[in-house]
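Raw my_file-v1.cif, mmCIF, C-alpha atoms and all ligand atoms:
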```
data_start
loop_
_atom_site.group_PDB
_atom_site.id
_atom_site.type_symbol
_atom_site.label_atom_id
_atom_site.label_comp_id
_atom_site.auth_asym_id
_atom_site.auth_seq_id
_atom_site.Cartn_x
_atom_site.Cartn_y
_atom_site.Cartn_z
ATOM 1 C CA MET A 1 -3.208 -20.735 2.546
ATOM 2 C CA SER A 2 -6.778 -19.732 3.445
ATOM 3 C CA PHE A 3 -7.830 -16.863 5.682
ATOM 4 C CA GLN A 4 -10.993 -15.873 7.586
ATOM 5 C CA ASN A 5 -10.835 -12.179 6.732
ATOM 6 C CA LEU A 6 -8.865 -12.024 3.485
ATOM 7 C CA LEU A 7 -9.276 -13.358 -0.013
ATOM 8 C CA ILE A 8 -6.125 -14.164 -1.945
ATOM 9 C CA GLU A 9 -6.225 -14.274 -5.725
ATOM 10 C CA HIS A 10 -3.450 -14.737 -8.246
ATOM 11 C CA LYS A 11 -3.394 -13.283 -11.736
ATOM 12 C CA GLU A 12 -0.153 -14.304 -13.410
ATOM 13 C CA ARG A 13 2.577 -12.607 -11.318
ATOM 14 C CA ILE A 14 0.158 -10.333 -9.443
ATOM 15 C CA GLN A 15 -1.178 -11.348 -6.046
ATOM 16 C CA TYR A 16 -4.410 -9.753 -4.877
ATOM 17 C CA ILE A 17 -4.938 -9.335 -1.146
ATOM 18 C CA ILE A 18 -8.621 -8.488 -0.662
ATOM 19 C CA ILE A 19 -9.832 -7.379 2.771
ATOM 20 C CA ASN A 20 -13.009 -9.407 3.145
ATOM 21 C CA ARG A 21 -15.223 -8.185 6.019
ATOM 22 C CA GLU A 22 -17.836 -6.543 3.833
ATOM 23 C CA SER A 23 -20.559 -6.405 6.521
ATOM 24 C CA LYS A 24 -18.199 -4.271 8.657
ATOM 25 C CA LEU A 25 -16.994 -2.225 5.669
ATOM 26 C CA ASN A 26 -13.743 -4.210 5.815
ATOM 27 C CA ALA A 27 -12.718 -2.635 9.150
ATOM 28 C CA LEU A 28 -9.339 -3.878 10.356
ATOM 29 C CA ASN A 29 -9.775 -5.926 13.500
ATOM 30 C CA LYS A 30 -6.820 -7.651 15.198
ATOM 31 C CA ALA A 31 -7.451 -10.935 13.393
ATOM 32 C CA THR A 32 -7.431 -9.203 9.990
ATOM 33 C CA LEU A 33 -4.190 -7.384 10.787
ATOM 34 C CA ALA A 34 -2.562 -10.669 11.853
ATOM 35 C CA GLU A 35 -3.709 -12.311 8.617
ATOM 36 C CA LEU A 36 -2.450 -9.348 6.609
ATOM 37 C CA HIS A 37 0.983 -9.794 8.170
ATOM 38 C CA THR A 38 1.041 -13.453 7.143
ATOM 39 C CA ALA A 39 -0.304 -12.792 3.633
ATOM 40 C CA LEU A 40 2.215 -9.999 3.026
ATOM 41 C CA SER A 41 5.156 -12.048 4.317
ATOM 42 C CA ASP A 42 4.097 -14.927 2.043
ATOM 43 C CA ALA A 43 3.738 -12.657 -1.001
ATOM 44 C CA PHE A 44 7.064 -10.869 -0.448
ATOM 45 C CA SER A 45 8.924 -14.173 -0.091
ATOM 46 C CA ASN A 46 7.138 -16.068 -2.908
ATOM 47 C CA PRO A 47 9.323 -15.921 -6.048
ATOM 48 C CA LYS A 48 6.239 -16.442 -8.245
ATOM 49 C CA VAL A 49 4.747 -13.153 -7.007
ATOM 50 C CA GLY A 50 6.052 -9.999 -8.715
ATOM 51 C CA GLY A 51 3.749 -7.430 -7.110
ATOM 52 C CA ILE A 52 0.707 -7.025 -4.899
ATOM 53 C CA ILE A 53 -2.650 -5.262 -5.221
ATOM 54 C CA ILE A 54 -4.545 -4.537 -2.014
ATOM 55 C CA THR A 55 -8.269 -3.795 -2.275
ATOM 56 C CA GLY A 56 -11.506 -4.232 -0.335
ATOM 57 C CA ALA A 57 -14.349 -6.678 -0.929
ATOM 58 C CA GLY A 58 -17.617 -5.263 -2.267
ATOM 59 C CA GLN A 59 -18.496 -1.928 -3.835
ATOM 60 C CA LYS A 60 -18.755 0.265 -0.762
ATOM 61 C CA ALA A 61 -15.465 0.263 1.119
ATOM 62 C CA PHE A 62 -11.764 -0.244 0.704
ATOM 63 C CA VAL A 63 -11.377 -0.246 4.497
ATOM 64 C CA ALA A 64 -13.474 1.958 6.840
ATOM 65 C CA GLY A 65 -10.752 2.084 9.481
ATOM 66 C CA ALA A 66 -9.488 0.132 12.417
ATOM 67 C CA ASP A 67 -12.275 -1.858 14.068
ATOM 68 C CA ILE A 68 -13.639 0.685 16.542
ATOM 69 C CA SER A 69 -15.440 -1.985 18.586
ATOM 70 C CA GLU A 70 -12.082 -3.422 19.690
ATOM 71 C CA PHE A 71 -10.938 -0.075 21.122
ATOM 72 C CA LYS A 72 -13.595 -0.361 23.832
ATOM 73 C CA GLU A 73 -11.571 -3.009 25.672
ATOM 74 C CA THR A 74 -8.260 -1.184 25.242
ATOM 75 C CA GLY A 75 -6.989 0.332 28.469
ATOM 76 C CA SER A 76 -4.497 3.180 28.854
ATOM 77 C CA GLU A 77 -1.564 0.775 28.421
ATOM 78 C CA GLY A 78 -2.885 -0.846 25.241
ATOM 79 C CA GLY A 79 -2.916 2.092 22.841
ATOM 80 C CA GLY A 80 0.825 2.200 22.298
ATOM 81 C CA GLU A 81 0.895 -1.524 21.656
ATOM 82 C CA ILE A 82 -1.875 -1.276 19.015
ATOM 83 C CA ALA A 83 0.073 1.396 17.125
ATOM 84 C CA ARG A 84 3.472 -0.322 17.506
ATOM 85 C CA GLN A 85 2.219 -3.768 16.482
ATOM 86 C CA GLY A 86 0.179 -2.446 13.559
ATOM 87 C CA GLN A 87 2.966 -0.297 12.206
ATOM 88 C CA THR A 88 5.688 -2.911 12.623
ATOM 89 C CA LEU A 89 3.770 -5.959 11.433
ATOM 90 C CA VAL A 90 1.704 -4.511 8.589
ATOM 91 C CA PHE A 91 2.108 -0.884 7.546
ATOM 92 C CA ASP A 92 5.917 -0.690 7.610
ATOM 93 C CA VAL A 93 6.123 -4.152 6.047
ATOM 94 C CA ILE A 94 4.189 -2.855 3.025
ATOM 95 C CA GLU A 95 6.139 0.382 2.686
ATOM 96 C CA ASN A 96 9.520 -1.345 3.022
ATOM 97 C CA GLY A 97 8.570 -4.364 0.919
ATOM 98 C CA ASN A 98 10.900 -5.506 -1.848
ATOM 99 C CA LYS A 99 8.034 -5.728 -4.371
ATOM 100 C CA PRO A 100 5.657 -3.016 -5.581
ATOM 101 C CA VAL A 101 2.323 -2.744 -3.773
ATOM 102 C CA VAL A 102 -0.623 -0.895 -5.332
ATOM 103 C CA ALA A 103 -3.747 0.113 -3.390
ATOM 104 C CA ALA A 104 -6.951 -0.119 -5.442
ATOM 105 C CA ILE A 105 -9.265 2.131 -3.413
ATOM 106 C CA ASN A 106 -12.788 0.970 -4.183
ATOM 107 C CA GLY A 107 -14.842 3.091 -1.758
ATOM 108 C CA PHE A 108 -14.409 4.450 1.776
ATOM 109 C CA ALA A 109 -10.748 4.588 2.852
ATOM 110 C CA LEU A 110 -10.967 6.018 6.357
ATOM 111 C CA GLY A 111 -8.627 6.019 9.332
ATOM 112 C CA GLY A 112 -6.584 2.815 9.255
ATOM 113 C CA GLY A 113 -7.983 2.213 5.758
ATOM 114 C CA LEU A 114 -6.433 5.372 4.371
ATOM 115 C CA GLU A 115 -3.280 4.581 6.360
ATOM 116 C CA LEU A 116 -3.190 1.170 4.666
ATOM 117 C CA ALA A 117 -3.538 2.804 1.235
ATOM 118 C CA MET A 118 -0.850 5.361 2.096
ATOM 119 C CA ALA A 119 1.604 2.635 3.121
ATOM 120 C CA CYS A 120 1.286 1.221 -0.421
ATOM 121 C CA HIS A 121 3.689 2.480 -3.081
ATOM 122 C CA ILE A 122 0.996 3.618 -5.542
ATOM 123 C CA ARG A 123 -2.701 4.451 -5.089
ATOM 124 C CA VAL A 124 -5.442 4.145 -7.697
ATOM 125 C CA ALA A 125 -8.911 5.271 -6.603
ATOM 126 C CA SER A 126 -12.328 4.679 -8.060
ATOM 127 C CA GLU A 127 -14.168 7.944 -8.709
ATOM 128 C CA ASN A 128 -16.687 7.218 -5.925
ATOM 129 C CA ALA A 129 -13.986 6.726 -3.256
ATOM 130 C CA LYS A 130 -14.023 8.874 -0.126
ATOM 131 C CA MET A 131 -10.906 9.337 1.965
ATOM 132 C CA GLY A 132 -10.188 10.769 5.380
ATOM 133 C CA LEU A 133 -8.595 10.402 8.789
ATOM 134 C CA PRO A 134 -11.577 10.889 11.156
ATOM 135 C CA GLU A 135 -9.869 9.649 14.352
ATOM 136 C CA VAL A 136 -10.322 12.936 16.246
ATOM 137 C CA THR A 137 -14.103 12.392 16.102
ATOM 138 C CA LEU A 138 -13.436 9.480 18.466
ATOM 139 C CA GLY A 139 -10.889 11.272 20.634
ATOM 140 C CA LEU A 140 -7.923 9.681 18.869
ATOM 141 C CA ILE A 141 -5.291 10.529 16.303
ATOM 142 C CA PRO A 142 -4.085 8.275 13.464
ATOM 143 C CA GLY A 143 -1.778 5.588 14.873
ATOM 144 C CA TYR A 144 -0.712 3.506 11.882
ATOM 145 C CA GLY A 145 1.623 6.115 10.400
ATOM 146 C CA GLY A 146 -1.121 8.409 9.095
ATOM 147 C CA THR A 147 0.216 11.673 10.511
ATOM 148 C CA GLN A 148 3.574 11.036 8.847
ATOM 149 C CA ARG A 149 2.552 9.526 5.509
ATOM 150 C CA LEU A 150 -0.295 11.986 4.874
ATOM 151 C CA THR A 151 2.056 14.902 5.561
ATOM 152 C CA ALA A 152 4.640 13.443 3.159
ATOM 153 C CA LEU A 153 2.010 13.031 0.427
ATOM 154 C CA VAL A 154 -0.095 16.196 0.684
ATOM 155 C CA GLY A 155 2.032 18.630 2.745
ATOM 156 C CA LYS A 156 1.632 19.878 6.306
ATOM 157 C CA GLY A 157 -1.200 22.364 5.749
ATOM 158 C CA LYS A 158 -3.566 19.971 3.979
ATOM 159 C CA ALA A 159 -2.623 17.121 6.347
ATOM 160 C CA LEU A 160 -3.427 19.185 9.425
ATOM 161 C CA GLU A 161 -6.689 20.366 7.868
ATOM 162 C CA MET A 162 -7.776 16.806 7.027
ATOM 163 C CA ILE A 163 -6.754 15.390 10.408
ATOM 164 C CA MET A 164 -8.154 18.230 12.556
ATOM 165 C CA THR A 165 -11.465 18.698 10.696
ATOM 166 C CA ALA A 166 -11.869 14.917 10.166
ATOM 167 C CA ASP A 167 -13.455 15.782 6.801
ATOM 168 C CA MET A 168 -13.644 13.162 4.080
ATOM 169 C CA ILE A 169 -12.354 14.233 0.697
ATOM 170 C CA THR A 170 -13.469 13.057 -2.726
ATOM 171 C CA ALA A 171 -11.290 11.093 -5.147
ATOM 172 C CA ALA A 172 -10.987 14.231 -7.322
ATOM 173 C CA ASP A 173 -9.733 16.238 -4.333
ATOM 174 C CA ALA A 174 -7.334 13.417 -3.421
ATOM 175 C CA LEU A 175 -5.915 13.429 -6.955
ATOM 176 C CA GLN A 176 -5.489 17.189 -6.927
ATOM 177 C CA ASN A 177 -3.608 17.008 -3.618
ATOM 178 C CA GLY A 178 -1.307 14.142 -4.609
ATOM 179 C CA LEU A 179 -2.933 11.652 -2.241
ATOM 180 C CA VAL A 180 -3.763 9.278 -5.100
ATOM 181 C CA ASN A 181 -1.965 8.698 -8.398
ATOM 182 C CA HIS A 182 -4.999 8.020 -10.624
ATOM 183 C CA ILE A 183 -8.805 8.041 -10.595
ATOM 184 C CA VAL A 184 -10.847 5.684 -12.757
ATOM 185 C CA SER A 185 -14.411 4.361 -12.871
ATOM 186 C CA PRO A 186 -15.243 1.552 -10.415
ATOM 187 C CA GLU A 187 -15.332 -0.907 -13.351
ATOM 188 C CA GLN A 188 -11.817 0.047 -14.451
ATOM 189 C CA LEU A 189 -10.207 0.058 -11.001
ATOM 190 C CA ARG A 190 -8.558 -3.364 -10.969
ATOM 191 C CA GLU A 191 -7.653 -3.119 -14.646
ATOM 192 C CA LYS A 192 -5.817 0.184 -14.035
ATOM 193 C CA ALA A 193 -3.987 -1.178 -10.971
ATOM 194 C CA GLU A 194 -2.958 -4.259 -12.989
ATOM 195 C CA GLU A 195 -1.826 -2.123 -15.931
ATOM 196 C CA ILE A 196 0.516 -0.110 -13.686
ATOM 197 C CA LEU A 197 1.834 -3.188 -11.906
ATOM 198 C CA ASN A 198 2.356 -5.118 -15.157
ATOM 199 C CA LYS A 199 4.434 -2.249 -16.505
ATOM 200 C CA ILE A 200 6.597 -2.284 -13.350
ATOM 201 C CA LEU A 201 6.929 -6.074 -13.656
ATOM 202 C CA MET A 202 8.626 -5.635 -17.046
ATOM 203 C CA ARG A 203 11.474 -3.746 -15.301
ATOM 204 C CA ALA A 204 14.449 -5.178 -13.406
ATOM 205 C CA PRO A 205 13.059 -6.479 -10.065
ATOM 206 C CA LEU A 206 16.177 -5.723 -8.001
ATOM 207 C CA ALA A 207 16.268 -2.180 -9.403
ATOM 208 C CA ILE A 208 12.610 -1.786 -8.386
ATOM 209 C CA ALA A 209 13.467 -2.943 -4.851
ATOM 210 C CA ALA A 210 16.407 -0.516 -4.788
ATOM 211 C CA ALA A 211 14.152 2.330 -5.973
ATOM 212 C CA ILE A 212 11.645 1.620 -3.180
ATOM 213 C CA THR A 213 14.435 1.679 -0.569
ATOM 214 C CA ALA A 214 15.947 4.900 -1.916
ATOM 215 C CA VAL A 215 12.644 6.786 -2.274
ATOM 216 C CA ASN A 216 11.506 5.659 1.197
ATOM 217 C CA ALA A 217 14.706 7.157 2.617
ATOM 218 C CA ALA A 218 13.467 10.614 1.543
ATOM 219 C CA ALA A 219 10.839 10.677 4.275
ATOM 220 C CA LYS A 220 12.924 9.176 7.084
ATOM 221 C CA ASP A 221 14.289 11.375 9.831
ATOM 222 C CA GLY A 222 17.965 10.847 10.545
ATOM 223 C CA VAL A 223 18.530 9.033 7.235
ATOM 224 C CA ASN A 224 20.535 10.688 4.484
ATOM 225 C CA GLY A 225 18.545 9.786 1.396
ATOM 226 C CA PHE A 226 21.360 10.818 -0.947
ATOM 227 C CA GLU A 227 23.653 8.296 0.787
ATOM 228 C CA THR A 228 20.976 5.605 0.532
ATOM 229 C CA GLU A 229 20.612 6.356 -3.170
ATOM 230 C CA LYS A 230 24.368 6.008 -3.725
ATOM 231 C CA GLU A 231 24.408 2.672 -1.866
ATOM 232 C CA GLN A 232 21.430 1.325 -3.806
ATOM 233 C CA PHE A 233 22.858 2.573 -7.104
ATOM 234 C CA ALA A 234 26.140 0.767 -6.335
ATOM 235 C CA LYS A 235 24.218 -2.388 -5.396
ATOM 236 C CA CYS A 236 22.564 -2.449 -8.826
ATOM 237 C CA PHE A 237 26.043 -2.827 -10.353
ATOM 238 C CA THR A 238 26.421 -6.189 -8.590
ATOM 239 C CA THR A 239 23.347 -7.650 -10.351
ATOM 240 C CA LYS A 240 23.167 -9.856 -13.450
ATOM 241 C CA ASP A 241 20.046 -7.905 -14.400
ATOM 242 C CA LEU A 242 22.092 -4.757 -15.043
ATOM 243 C CA GLN A 243 24.368 -6.693 -17.409
ATOM 244 C CA GLU A 244 21.281 -8.061 -19.144
ATOM 245 C CA GLY A 245 19.690 -4.584 -19.361
ATOM 246 C CA ILE A 246 22.814 -3.076 -20.915
ATOM 247 C CA ALA A 247 23.275 -6.008 -23.322
ATOM 248 C CA ALA A 248 19.618 -5.869 -24.391
ATOM 249 C CA PHE A 249 19.860 -2.125 -25.052
ATOM 250 C CA LEU A 250 23.014 -2.518 -27.142
ATOM 251 C CA GLU A 251 21.579 -5.508 -29.018
ATOM 252 C CA LYS A 252 18.293 -3.651 -29.611
ATOM 253 C CA ARG A 253 16.145 -6.361 -27.997
ATOM 254 C CA LYS A 254 13.866 -6.649 -24.968
ATOM 255 C CA PRO A 255 15.660 -7.519 -21.695
ATOM 256 C CA ASP A 256 14.961 -10.829 -19.986
ATOM 257 C CA PHE A 257 15.355 -9.921 -16.310
ATOM 258 C CA LYS A 258 15.673 -12.773 -13.809
ATOM 259 C CA GLY A 259 15.811 -10.758 -10.589
ATOM 260 C CA GLU A 260 19.410 -11.817 -10.030
HETATM 261 N N1 LIG A 301 -15.070 -0.243 12.934
HETATM 262 C C1 LIG A 301 -16.022 -1.150 13.230
HETATM 263 N N2 LIG A 301 -17.169 -1.279 12.548
HETATM 264 C C2 LIG A 301 -17.353 -0.467 11.500
HETATM 265 C C3 LIG A 301 -16.412 0.509 11.126
HETATM 266 C C4 LIG A 301 -15.213 0.601 11.893
HETATM 267 N N3 LIG A 301 -14.250 1.452 11.617
HETATM 268 N N4 LIG A 301 -16.873 1.177 10.055
HETATM 269 C C5 LIG A 301 -18.078 0.639 9.767
HETATM 270 N N5 LIG A 301 -18.368 -0.349 10.634
HETATM 271 C C6 LIG A 301 -19.556 -1.200 10.671
HETATM 272 C C7 LIG A 301 -20.762 -0.466 11.261
HETATM 273 O O1 LIG A 301 -20.712 -0.506 12.668
HETATM 274 C C8 LIG A 301 -21.896 -1.263 10.676
HETATM 275 O O2 LIG A 301 -21.991 -2.478 11.390
HETATM 276 P P1 LIG A 301 -23.466 -3.035 11.850
HETATM 277 O O3 LIG A 301 -24.217 -3.218 10.547
HETATM 278 O O4 LIG A 301 -23.165 -4.313 12.551
HETATM 279 O O5 LIG A 301 -24.063 -1.962 12.691
HETATM 280 C C9 LIG A 301 -21.390 -1.644 9.276
HETATM 281 O O6 LIG A 301 -19.962 -1.516 9.353
HETATM 282 C C10 LIG A 301 -21.889 -0.707 8.193
HETATM 283 O O7 LIG A 301 -21.553 0.635 8.537
HETATM 284 P P2 LIG A 301 -22.613 1.834 8.635
HETATM 285 O O8 LIG A 301 -22.067 2.865 9.572
HETATM 286 O O9 LIG A 301 -23.967 1.297 8.944
HETATM 287 O O10 LIG A 301 -22.604 2.356 7.127
HETATM 288 P P3 LIG A 301 -22.951 3.828 6.624
HETATM 289 O O11 LIG A 301 -23.060 3.737 5.150
HETATM 290 O O12 LIG A 301 -24.102 4.387 7.368
HETATM 291 O O13 LIG A 301 -21.661 4.731 7.010
HETATM 292 C C11 LIG A 301 -19.299 5.188 7.220
HETATM 293 C C12 LIG A 301 -20.417 4.478 6.418
HETATM 294 C C13 LIG A 301 -17.969 4.743 6.633
HETATM 295 C C14 LIG A 301 -19.449 6.708 7.051
HETATM 296 C C15 LIG A 301 -19.414 4.814 8.707
HETATM 297 O O14 LIG A 301 -19.474 3.397 8.804
HETATM 298 C C16 LIG A 301 -18.257 5.284 9.553
HETATM 299 O O15 LIG A 301 -18.181 6.458 9.878
HETATM 300 N N6 LIG A 301 -17.356 4.356 9.960
HETATM 301 C C17 LIG A 301 -16.271 4.649 10.865
HETATM 302 C C18 LIG A 301 -15.178 5.394 10.177
HETATM 303 C C19 LIG A 301 -14.068 5.761 11.136
HETATM 304 O O16 LIG A 301 -14.239 6.544 12.040
HETATM 305 N N7 LIG A 301 -12.896 5.161 10.930
HETATM 306 C C20 LIG A 301 -11.732 5.442 11.710
HETATM 307 C C21 LIG A 301 -11.596 4.482 12.802
HETATM 308 S S1 LIG A 301 -10.170 4.818 13.788
#
```

As structure tokens, what does this structure read like?
Ligand code: COA
Amino acid sequence: MSFQNLLIEHKERIQYIIINRESKLNALNKATLAELHTALSDAFSNPKVGGIIITGAGQKAFVAGADISEFKETGSEGGGEIARQGQTLVFDVIENGNKPVVAAINGFALGGGLELAMACHIRVASENAKMGLPEVTLGLIPGYGGTQRLTALVGKGKALEMIMTADMITAADALQNGLVNHIVSPEQLREKAEEILNKILMRAPLAIAAAITAVNAAAKDGVNGFETEKEQFAKCFTTKDLQEGIAAFLEKRKPDFKGE
């Protein structure tokens, strides 16, 4: 499938989704969000794809936010719809996906761009990346889950400081505050994201999906994460992969997981 605003690349079991609007610093307009929904749905349902890396085209930006020019036409009724649609069709789809998604942050990750990275399961940043939620400079607040996911990652104090000052932080600061998992040079960014994903792809795929569901439950209001963990743990016992994992351990060989 080909897209206007995305590039799709495959490297063995990894699917790259590259936001490709370099002249607009990869800002997320409606068309890009719609394409992202399609690309993500395809990747999550394609048995040949084990995991996804999301990054931005070019050297300058991962994604510099939602496309501000489209907000001009949005009336008082439209704001809620933008947030609802975006969260339901893209950001929540990533977070709740059954395959691991890594953000490779190759430059500015601002507003919706940082929200996109935060919806991913793991974040690797290049050392020149800059991150922030500058929506209040426009008279807005983050609407794609940023207030919730940033708070979960860095804590309430740092989240409120970043959101209320609108300051950008460096990759080093982001690492120190738990916003990103790793920092590497721009040249090593994709390699590092692939290395992490390839390690995850050696593990039992259904156990990975169960881990995502259980860990996500930790940040959900009204959900008892301990109950979710018990359910997901029990579910693992119904898989052939668990039998294979146990057999491989006892036979002192590498497991051959089939995702069954
Ligand atoms: N929405 C729409 N267009 C955007 C954009 C966004 N979020 N971010 C950048 N662009 C566009 C610029 O309008 C410019 O387009 P033009 O060449 O047609 O004028 C192009 O991308 C390059 O950006 P520019 O501002 O010239 O680059 P810069 O190096 O001077 O500044 C940033 C880089 C990231 C600091 C600056 O682009 C910026 O502040 N962007 C908005 C960030 C933001 O507020 N995001 C949250 C949105 S809710």

Distance criterion (only C-alpha atoms): nearest to Val102 (chain A) out of A:Thr170, A:Thr38, A:Gln87, A:Gln15 =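 Closest to Val102 (chain A), using only C-alpha atoms: A:Gln15.
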
Enumerate, in order of chain and increasing residue number, the residues of chain A with an atom no farther than 9 Å from ligand LIG 301 (chain A), each with its shortest atom pair and distance in Å to one decimal, counting all atoms listed in the file, as a Markdown table.
```
| residue | atom | partner | partner_atom | distance |
| --- | --- | --- | --- | --- |
| A:Arg21 | CA | A:LIG301 | O6 | 8.8 |
| A:Glu22 | CA | A:LIG301 | O6 | 7.8 |
| A:Ser23 | CA | A:LIG301 | C9 | 5.6 |
| A:Lys24 | CA | A:LIG301 | O6 | 3.3 |
| A:Leu25 | CA | A:LIG301 | O6 | 4.8 |
| A:Asn26 | CA | A:LIG301 | N4 | 7.5 |
| A:Ala27 | CA | A:LIG301 | C4 | 4.9 |
| A:Leu28 | CA | A:LIG301 | N1 | 7.3 |
| A:Asn29 | CA | A:LIG301 | N1 | 7.8 |
| A:Lys60 | CA | A:LIG301 | O11 | 8.1 |
| A:Ala61 | CA | A:LIG301 | C13 | 7.5 |
| A:Val63 | CA | A:LIG301 | N3 | 7.9 |
| A:Ala64 | CA | A:LIG301 | N4 | 4.7 |
| A:Gly65 | CA | A:LIG301 | N7 | 4.0 |
| A:Ala66 | CA | A:LIG301 | C21 | 4.8 |
| A:Asp67 | CA | A:LIG301 | N1 | 3.4 |
| A:Ile68 | CA | A:LIG301 | N1 | 4.0 |
| A:Ser69 | CA | A:LIG301 | C1 | 5.5 |
| A:Glu70 | CA | A:LIG301 | C1 | 7.9 |
| A:Phe71 | CA | A:LIG301 | S1 | 8.8 |
| A:Phe108 | CA | A:LIG301 | C13 | 6.0 |
| A:Ala109 | CA | A:LIG301 | C13 | 8.2 |
| A:Leu110 | CA | A:LIG301 | N7 | 5.0 |
| A:Gly111 | CA | A:LIG301 | C20 | 4.0 |
| A:Gly112 | CA | A:LIG301 | S1 | 6.1 |
| A:Gly113 | CA | A:LIG301 | N7 | 7.7 |
| A:Lys130 | CA | A:LIG301 | C13 | 8.8 |
| A:Gly132 | CA | A:LIG301 | N7 | 8.3 |
| A:Leu133 | CA | A:LIG301 | C20 | 6.6 |
| A:Pro134 | CA | A:LIG301 | O16 | 5.2 |
| A:Glu135 | CA | A:LIG301 | S1 | 4.9 |
| A:Val136 | CA | A:LIG301 | S1 | 8.5 |
| A:Thr137 | CA | A:LIG301 | O16 | 7.1 |
| A:Leu138 | CA | A:LIG301 | O16 | 7.1 |
| A:Leu140 | CA | A:LIG301 | S1 | 7.4 |
| A:Ile141 | CA | A:LIG301 | S1 | 7.9 |
| A:Pro142 | CA | A:LIG301 | S1 | 7.0 |
| A:Gly143 | CA | A:LIG301 | S1 | 8.5 |
| A:Ala166 | CA | A:LIG301 | O16 | 8.9 |
```

Pick from A:Thr165, A:Thr88, A:Gln188, A:Thr213, whichever lies nearest to Tyr144 (chain A) using all atoms listed in the file |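 For Tyr144 (chain A), the nearest of the candidates is A:Thr88.
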
If you apply the PyMOL selection byres (((chain A and resi 122) around 7) and not hetatm) to this file, what residues do you get, as a tab-separated table (two decimals) with C-alpha atoms, in the frame of the given file?
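Printed below is selection-v2.tsv as written:
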```tsv
chain	number	residue	atom	x	y	z
A	101	VAL	CA	2.32	-2.74	-3.77
A	102	VAL	CA	-0.62	-0.90	-5.33
A	103	ALA	CA	-3.75	0.11	-3.39
A	120	CYS	CA	1.29	1.22	-0.42
A	121	HIS	CA	3.69	2.48	-3.08
A	123	ARG	CA	-2.70	4.45	-5.09
A	124	VAL	CA	-5.44	4.14	-7.70
A	181	ASN	CA	-1.96	8.70	-8.40
```

Neighbours of His10 (chain A) within 10 Å (all atoms listed in the file; same-chain residues fewer than 4 positions away dropped), as a PyMOL selection string?
-> chain A and resi 14-17+48-49+52-53

Evaluate the PyMOL selection byres (((chain A and resi 152-164) around 6) and not hetatm) and record the selected residues as a short mmCIF file (atom, residue, chain, number, x, y, z; two decimals) with C-alpha atoms, keeping the file's coordinate frame, following the chain and residue labels used in the document.
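New file part_6.cif:
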```cif
data_model
loop_
_atom_site.label_atom_id
_atom_site.label_comp_id
_atom_site.auth_asym_id
_atom_site.auth_seq_id
_atom_site.Cartn_x
_atom_site.Cartn_y
_atom_site.Cartn_z
CA LEU A 133 -8.60 10.40 8.79
CA ARG A 149 2.55 9.53 5.51
CA LEU A 150 -0.30 11.99 4.87
CA THR A 151 2.06 14.90 5.56
CA THR A 165 -11.46 18.70 10.70
CA ALA A 166 -11.87 14.92 10.17
CA ASP A 167 -13.46 15.78 6.80
CA ASN A 177 -3.61 17.01 -3.62
CA GLY A 178 -1.31 14.14 -4.61
CA LEU A 179 -2.93 11.65 -2.24
#
```

Find the residue from A:Lys230, A:Lys30, A:Lys254, A:Gly58 that sits nearest to Leu7 (chain A); use all atoms listed in the file when measuring.
-> A:Gly58

Which residues fall under the PyMOL selection byres (((chain A and resi 219) around 12) and not hetatm) in this file, as a PyMOL selection string?
-> chain A and resi 95+145+148-153+155+212-218+220-226+228
